[in-house]
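Asker: Sharing start_26.txt (compact mmCIF, C-alpha atoms) below.
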```txt
# COMPACT_ATOMS: atom_id res chain seq x y z
CA MET A 1351 -19.44 -14.02 17.35
CA LYS A 1352 -17.23 -10.93 17.67
CA TYR A 1353 -17.08 -8.53 14.72
CA GLU A 1354 -14.50 -5.85 14.09
CA ILE A 1355 -14.69 -2.53 12.28
CA GLY A 1356 -14.15 -3.23 8.59
CA ASP A 1357 -15.93 -6.61 8.61
CA PHE A 1358 -18.68 -7.44 6.14
CA VAL A 1359 -21.67 -9.20 7.65
CA SER A 1360 -24.88 -10.57 6.15
CA LYS A 1361 -27.21 -8.95 8.71
CA PRO A 1362 -27.07 -5.79 10.82
CA VAL A 1363 -25.08 -6.09 14.02
CA THR A 1364 -26.05 -4.13 17.10
CA GLY A 1365 -23.40 -2.34 19.05
CA THR A 1366 -21.38 0.82 18.93
CA CYS A 1367 -20.51 0.67 15.22
CA LYS A 1368 -22.29 2.56 12.51
CA ILE A 1369 -23.44 0.29 9.71
CA GLU A 1370 -23.30 1.10 6.01
CA ASP A 1371 -25.17 -0.93 3.40
CA VAL A 1372 -23.08 -2.43 0.63
CA LEU A 1373 -24.44 -4.26 -2.42
CA SER A 1374 -22.32 -7.22 -3.41
CA MET A 1375 -22.32 -10.04 -5.93
CA ASP A 1376 -22.64 -13.48 -4.42
CA PRO A 1377 -19.75 -15.48 -5.98
CA MET A 1378 -21.67 -18.77 -5.69
CA GLY A 1379 -25.09 -17.79 -7.01
CA GLY A 1380 -24.26 -14.67 -8.99
CA LYS A 1381 -27.19 -12.76 -7.51
CA ASN A 1382 -27.09 -9.49 -5.65
CA THR A 1383 -26.77 -9.90 -1.90
CA LYS A 1384 -27.10 -7.11 0.62
CA LEU A 1385 -24.13 -6.91 2.95
CA TYR A 1386 -23.44 -4.54 5.80
CA TYR A 1387 -20.08 -2.88 6.39
CA LEU A 1388 -19.15 -2.05 9.96
CA MET A 1389 -17.68 1.44 10.24
CA LYS A 1390 -16.20 3.51 13.02
CA PRO A 1391 -18.87 5.51 14.80
CA VAL A 1392 -19.04 9.10 13.60
CA GLU A 1393 -20.14 11.69 16.13
CA ASP A 1394 -21.83 13.94 13.63
CA GLU A 1395 -22.01 14.81 9.96
CA LYS A 1396 -19.46 17.63 10.30
CA GLU A 1397 -16.86 15.17 11.58
CA LYS A 1398 -17.62 12.80 8.71
CA ILE A 1399 -17.29 15.59 6.15
CA TYR A 1400 -14.06 16.78 7.79
CA GLU A 1401 -12.59 13.26 7.60
CA MET A 1402 -13.55 12.92 3.91
CA GLU A 1403 -12.01 16.31 3.11
CA ARG A 1404 -8.86 15.37 5.02
CA LYS A 1405 -8.52 12.16 2.97
CA MET A 1406 -9.00 14.10 -0.27
CA ASP A 1407 -6.38 16.66 0.79
CA PHE A 1408 -3.97 13.83 1.63
CA TYR A 1409 -4.57 12.20 -1.77
CA LYS A 1410 -4.03 15.51 -3.61
CA GLU A 1411 -0.82 16.11 -1.65
CA LEU A 1412 0.46 12.61 -2.51
CA CYS A 1413 -0.29 13.23 -6.19
CA SER A 1414 1.53 16.56 -6.10
CA VAL A 1415 4.74 15.06 -4.67
CA ALA A 1416 4.78 11.69 -6.46
CA GLY A 1417 2.67 12.32 -9.58
CA LYS A 1418 -0.93 11.22 -10.04
CA GLU A 1419 0.16 8.29 -12.22
CA ASN A 1420 2.16 6.96 -9.23
CA VAL A 1421 -0.68 7.03 -6.68
CA ALA A 1422 -3.46 4.45 -6.49
CA VAL A 1423 -6.37 4.26 -4.05
CA ASP A 1424 -7.72 0.96 -2.67
CA GLU A 1425 -5.04 -1.00 -4.52
CA GLN A 1426 -5.23 -4.77 -4.04
CA MET A 1427 -1.98 -5.88 -2.40
CA SER A 1428 -2.43 -9.35 -3.92
CA ARG A 1429 -1.22 -7.77 -7.17
CA HIS A 1430 2.08 -6.82 -5.51
CA THR A 1431 3.07 -9.82 -3.40
CA THR A 1432 4.70 -13.02 -4.61
CA PHE A 1433 2.19 -15.10 -2.60
CA ARG A 1434 -0.65 -13.24 -4.42
CA ILE A 1435 -2.57 -12.54 -1.23
CA GLY A 1436 -3.68 -9.36 0.48
CA GLY A 1437 -6.58 -6.97 0.56
CA PRO A 1438 -6.55 -3.31 -0.46
CA ALA A 1439 -4.09 -0.69 0.71
CA ASP A 1440 -5.80 2.66 1.24
CA TYR A 1441 -3.05 4.31 -0.84
CA PHE A 1442 -0.35 2.68 -2.98
CA VAL A 1443 2.52 4.91 -4.08
CA THR A 1444 5.34 4.06 -6.51
CA PRO A 1445 7.84 6.93 -6.38
CA SER A 1446 10.50 7.11 -9.07
CA LYS A 1447 13.11 9.26 -7.29
CA GLU A 1448 14.65 9.41 -3.83
CA GLU A 1449 13.24 12.91 -3.32
CA GLU A 1450 9.73 11.58 -3.95
CA ILE A 1451 10.14 8.90 -1.27
CA GLU A 1452 11.21 11.57 1.21
CA ALA A 1453 8.28 13.81 0.22
CA VAL A 1454 5.72 10.97 0.45
CA ILE A 1455 6.92 10.07 3.96
CA ARG A 1456 6.77 13.73 4.98
CA VAL A 1457 3.15 13.98 3.73
CA CYS A 1458 2.19 10.76 5.55
CA ARG A 1459 3.63 12.10 8.78
CA GLN A 1460 1.99 15.50 8.26
CA TYR A 1461 -1.45 13.85 7.92
CA ASN A 1462 -0.68 11.20 10.57
CA ILE A 1463 -1.24 8.39 8.03
CA PRO A 1464 0.62 5.12 8.73
CA PHE A 1465 2.98 4.02 5.95
CA TYR A 1466 4.86 0.88 5.00
CA ILE A 1467 7.82 0.74 2.61
CA MET A 1468 8.04 -2.41 0.51
CA GLY A 1469 10.32 -3.79 -2.17
CA ASN A 1470 9.10 -6.35 -4.68
CA GLY A 1471 6.69 -8.05 -2.25
CA SER A 1472 8.56 -11.33 -1.87
CA ASN A 1473 7.83 -13.13 1.38
CA LEU A 1474 5.35 -10.42 2.34
CA LEU A 1475 2.03 -11.46 3.86
CA VAL A 1476 -0.82 -8.96 3.77
CA GLY A 1477 -4.14 -9.76 5.43
CA ASP A 1478 -7.42 -9.91 3.54
CA LYS A 1479 -8.48 -6.64 5.17
CA GLY A 1480 -5.50 -4.94 3.55
CA TYR A 1481 -3.48 -2.07 4.97
CA ARG A 1482 -5.02 1.07 6.47
CA GLY A 1483 -2.51 3.63 5.34
CA ALA A 1484 -0.04 4.22 2.51
CA VAL A 1485 2.15 1.51 1.02
CA ILE A 1486 5.25 2.89 -0.67
CA GLN A 1487 6.75 0.49 -3.22
CA ILE A 1488 10.30 1.24 -4.35
CA PHE A 1489 10.84 -1.83 -6.52
CA LYS A 1490 9.45 -1.08 -9.97
CA LYS A 1491 10.90 2.38 -10.60
CA MET A 1492 14.10 2.52 -8.57
CA TYR A 1493 16.15 -0.47 -9.66
CA SER A 1494 19.31 0.77 -11.39
CA ILE A 1495 22.58 -1.11 -10.84
CA GLU A 1496 25.99 0.27 -11.81
CA VAL A 1497 29.40 -1.35 -11.53
CA LYS A 1498 32.28 1.08 -10.95
CA GLU A 1499 35.63 -0.72 -10.87
CA ASN A 1500 35.33 -2.98 -7.81
CA GLN A 1501 32.13 -1.41 -6.39
CA ILE A 1502 28.48 -1.86 -7.12
CA CYS A 1503 26.01 1.02 -6.69
CA ALA A 1504 22.39 -0.10 -6.66
CA GLN A 1505 19.10 1.59 -5.88
CA ALA A 1506 16.90 0.17 -3.14
CA GLY A 1507 14.48 -1.45 -5.60
CA ALA A 1508 17.17 -3.51 -7.36
CA LEU A 1509 16.63 -7.27 -7.13
CA LEU A 1510 19.36 -9.10 -5.21
CA SER A 1511 19.59 -11.72 -7.96
CA LYS A 1512 20.22 -9.01 -10.59
CA ILE A 1513 22.91 -7.41 -8.42
CA ALA A 1514 24.58 -10.82 -8.02
CA ALA A 1515 24.45 -11.36 -11.80
CA LYS A 1516 26.07 -7.95 -12.47
CA ALA A 1517 28.76 -8.72 -9.88
CA LEU A 1518 29.50 -12.06 -11.54
CA LYS A 1519 29.66 -10.46 -15.00
CA ALA A 1520 32.12 -7.86 -13.66
CA GLY A 1521 34.25 -10.54 -11.99
CA LEU A 1522 33.43 -9.39 -8.47
CA THR A 1523 33.03 -11.88 -5.65
CA GLY A 1524 31.28 -11.86 -2.29
CA PHE A 1525 27.68 -11.46 -3.44
CA GLU A 1526 27.11 -14.99 -4.74
CA PHE A 1527 24.87 -15.82 -1.75
CA ALA A 1528 22.23 -13.40 -3.02
CA SER A 1529 21.75 -15.01 -6.43
CA GLY A 1530 18.81 -17.11 -5.23
CA ILE A 1531 17.14 -14.61 -2.93
CA PRO A 1532 13.91 -13.25 -4.45
CA GLY A 1533 13.97 -9.92 -2.62
CA ALA A 1534 15.01 -6.37 -3.42
CA LEU A 1535 18.01 -4.63 -1.88
CA GLY A 1536 15.86 -2.28 0.24
```
Once you've parsed the file, please lay out its structure as structure tokens.

Answerer:
Amino acid sequence: MKYEIGDFVSKPVTGTCKIEDVLSMDPMGGKNTKLYYLMKPVEDEKEKIYEMERKMDFYKELCSVAGKENVAVDEQMSRHTTFRIGGPADYFVTPSKEEEIEAVIRVCRQYNIPFYIMGNGSNLLVGDKGYRGAVIQIFKKMYSIEVKENQICAQAGALLSKIAAKALKAGLTGFEFASGIPGALG
């Protein structure tokens, strides 16, 4: 059987990966079971310490540009997808302003951390291993919709169904198709 970095296994696996012990609850029996977590090989302790410091610096930088209350670590993506599946994202950021989105992306690029921008998580499949990087969700805090005469101005996190409802209420046509789509404008 082939194992990948990030897999949990019930016994040590020989090879090029470093192994870290993890104590877990067995969901069937409720007793403690020793599992092993396969990690990337680390050349030496200095490199490991450097990588941990780099991750802490990245986290602090995210908190400074988006606010600590808007940054989560190891956030289960199943809580943010309509299919209710998905493992943890290393970082989950919910900016509340356009400037914060720009700053978060700049920080991700500065630290060479992959990022993914999501709306409300409809029709989004995330694997059980989660996402190694930062997920930026613009749905919950950037959803305003304004009707100005015959135009609609909406933020990227606005639900398409809500935009269609506002258009209907204002007597505007052309957006009826979106009334049943569960996604955000993006």

Asker: Of the candidates A:Ala1416, A:Val1476, A:Ala1422, A:Met1406, which shows the shortest atom-to-atom distance to A:Ile1435, using only C-alpha atoms?

Answerer: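 Selected residue with least distance to A:Ile1435: A:Val1476.
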
Asker: Point out the residue among A:Arg1434, A:Lys1519, A:Lys1490, A:Lys1512 with the least atom-to-atom distance to A:Pro1532, counting only C-alpha atoms.

Answerer: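 Closest to A:Pro1532 of all the choices is A:Lys1512.
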
Asker: Residues proximal to (21.0, -0.6, -8.8) were defined as those with any atom within 7 Å of that point in the file's coordinates, counting only C-alpha atoms. Which are they, as a VMD selection string?

Answerer: chain A and resid 1493 to 1496 1503 to 1505 1508

Asker: Just how far from atom CA of A:Phe1527 is atom CA of A:Leu1510, in Å to one decimal?

Answerer: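 Separating atom CA of A:Leu1510 from atom CA of A:Phe1527 is a distance of 9.4 Å.
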
Asker: Using only C-alpha atoms, which of A:Lys1491, A:Lys1498, A:Lys1516, A:Lys1396 sits nearest A:Glu1450?

Answerer: A:Lys1491

Asker: I'd like the neighbourhood of A:Glu1449 as a PyMOL selection string, where a residue qualifies if any of its atoms comes within 12 Å (using only C-alpha atoms), though same-chain residues fewer than 5 positions away should be ignored.

Answerer: chain A and resi 1415-1416+1454-1456+1492

Asker: To one decimal place in Å, what is the distance between atom CA of A:Ala1453 and atom CA of A:Ser1511?

Answerer: 29.1 Å

Asker: Suppose you want the space between atom CA of A:Val1485 and atom CA of A:Ala1528; what is it in Å?

Answerer: 25.3 Å

Asker: Within 10 Å of A:Ser1428, counting all atoms listed in the file, which residues qualify if same-chain residues fewer than 6 places away don't, as a VMD selection string?

Answerer: chain A and resid 1434 to 1439 1471 1475 to 1478 1480
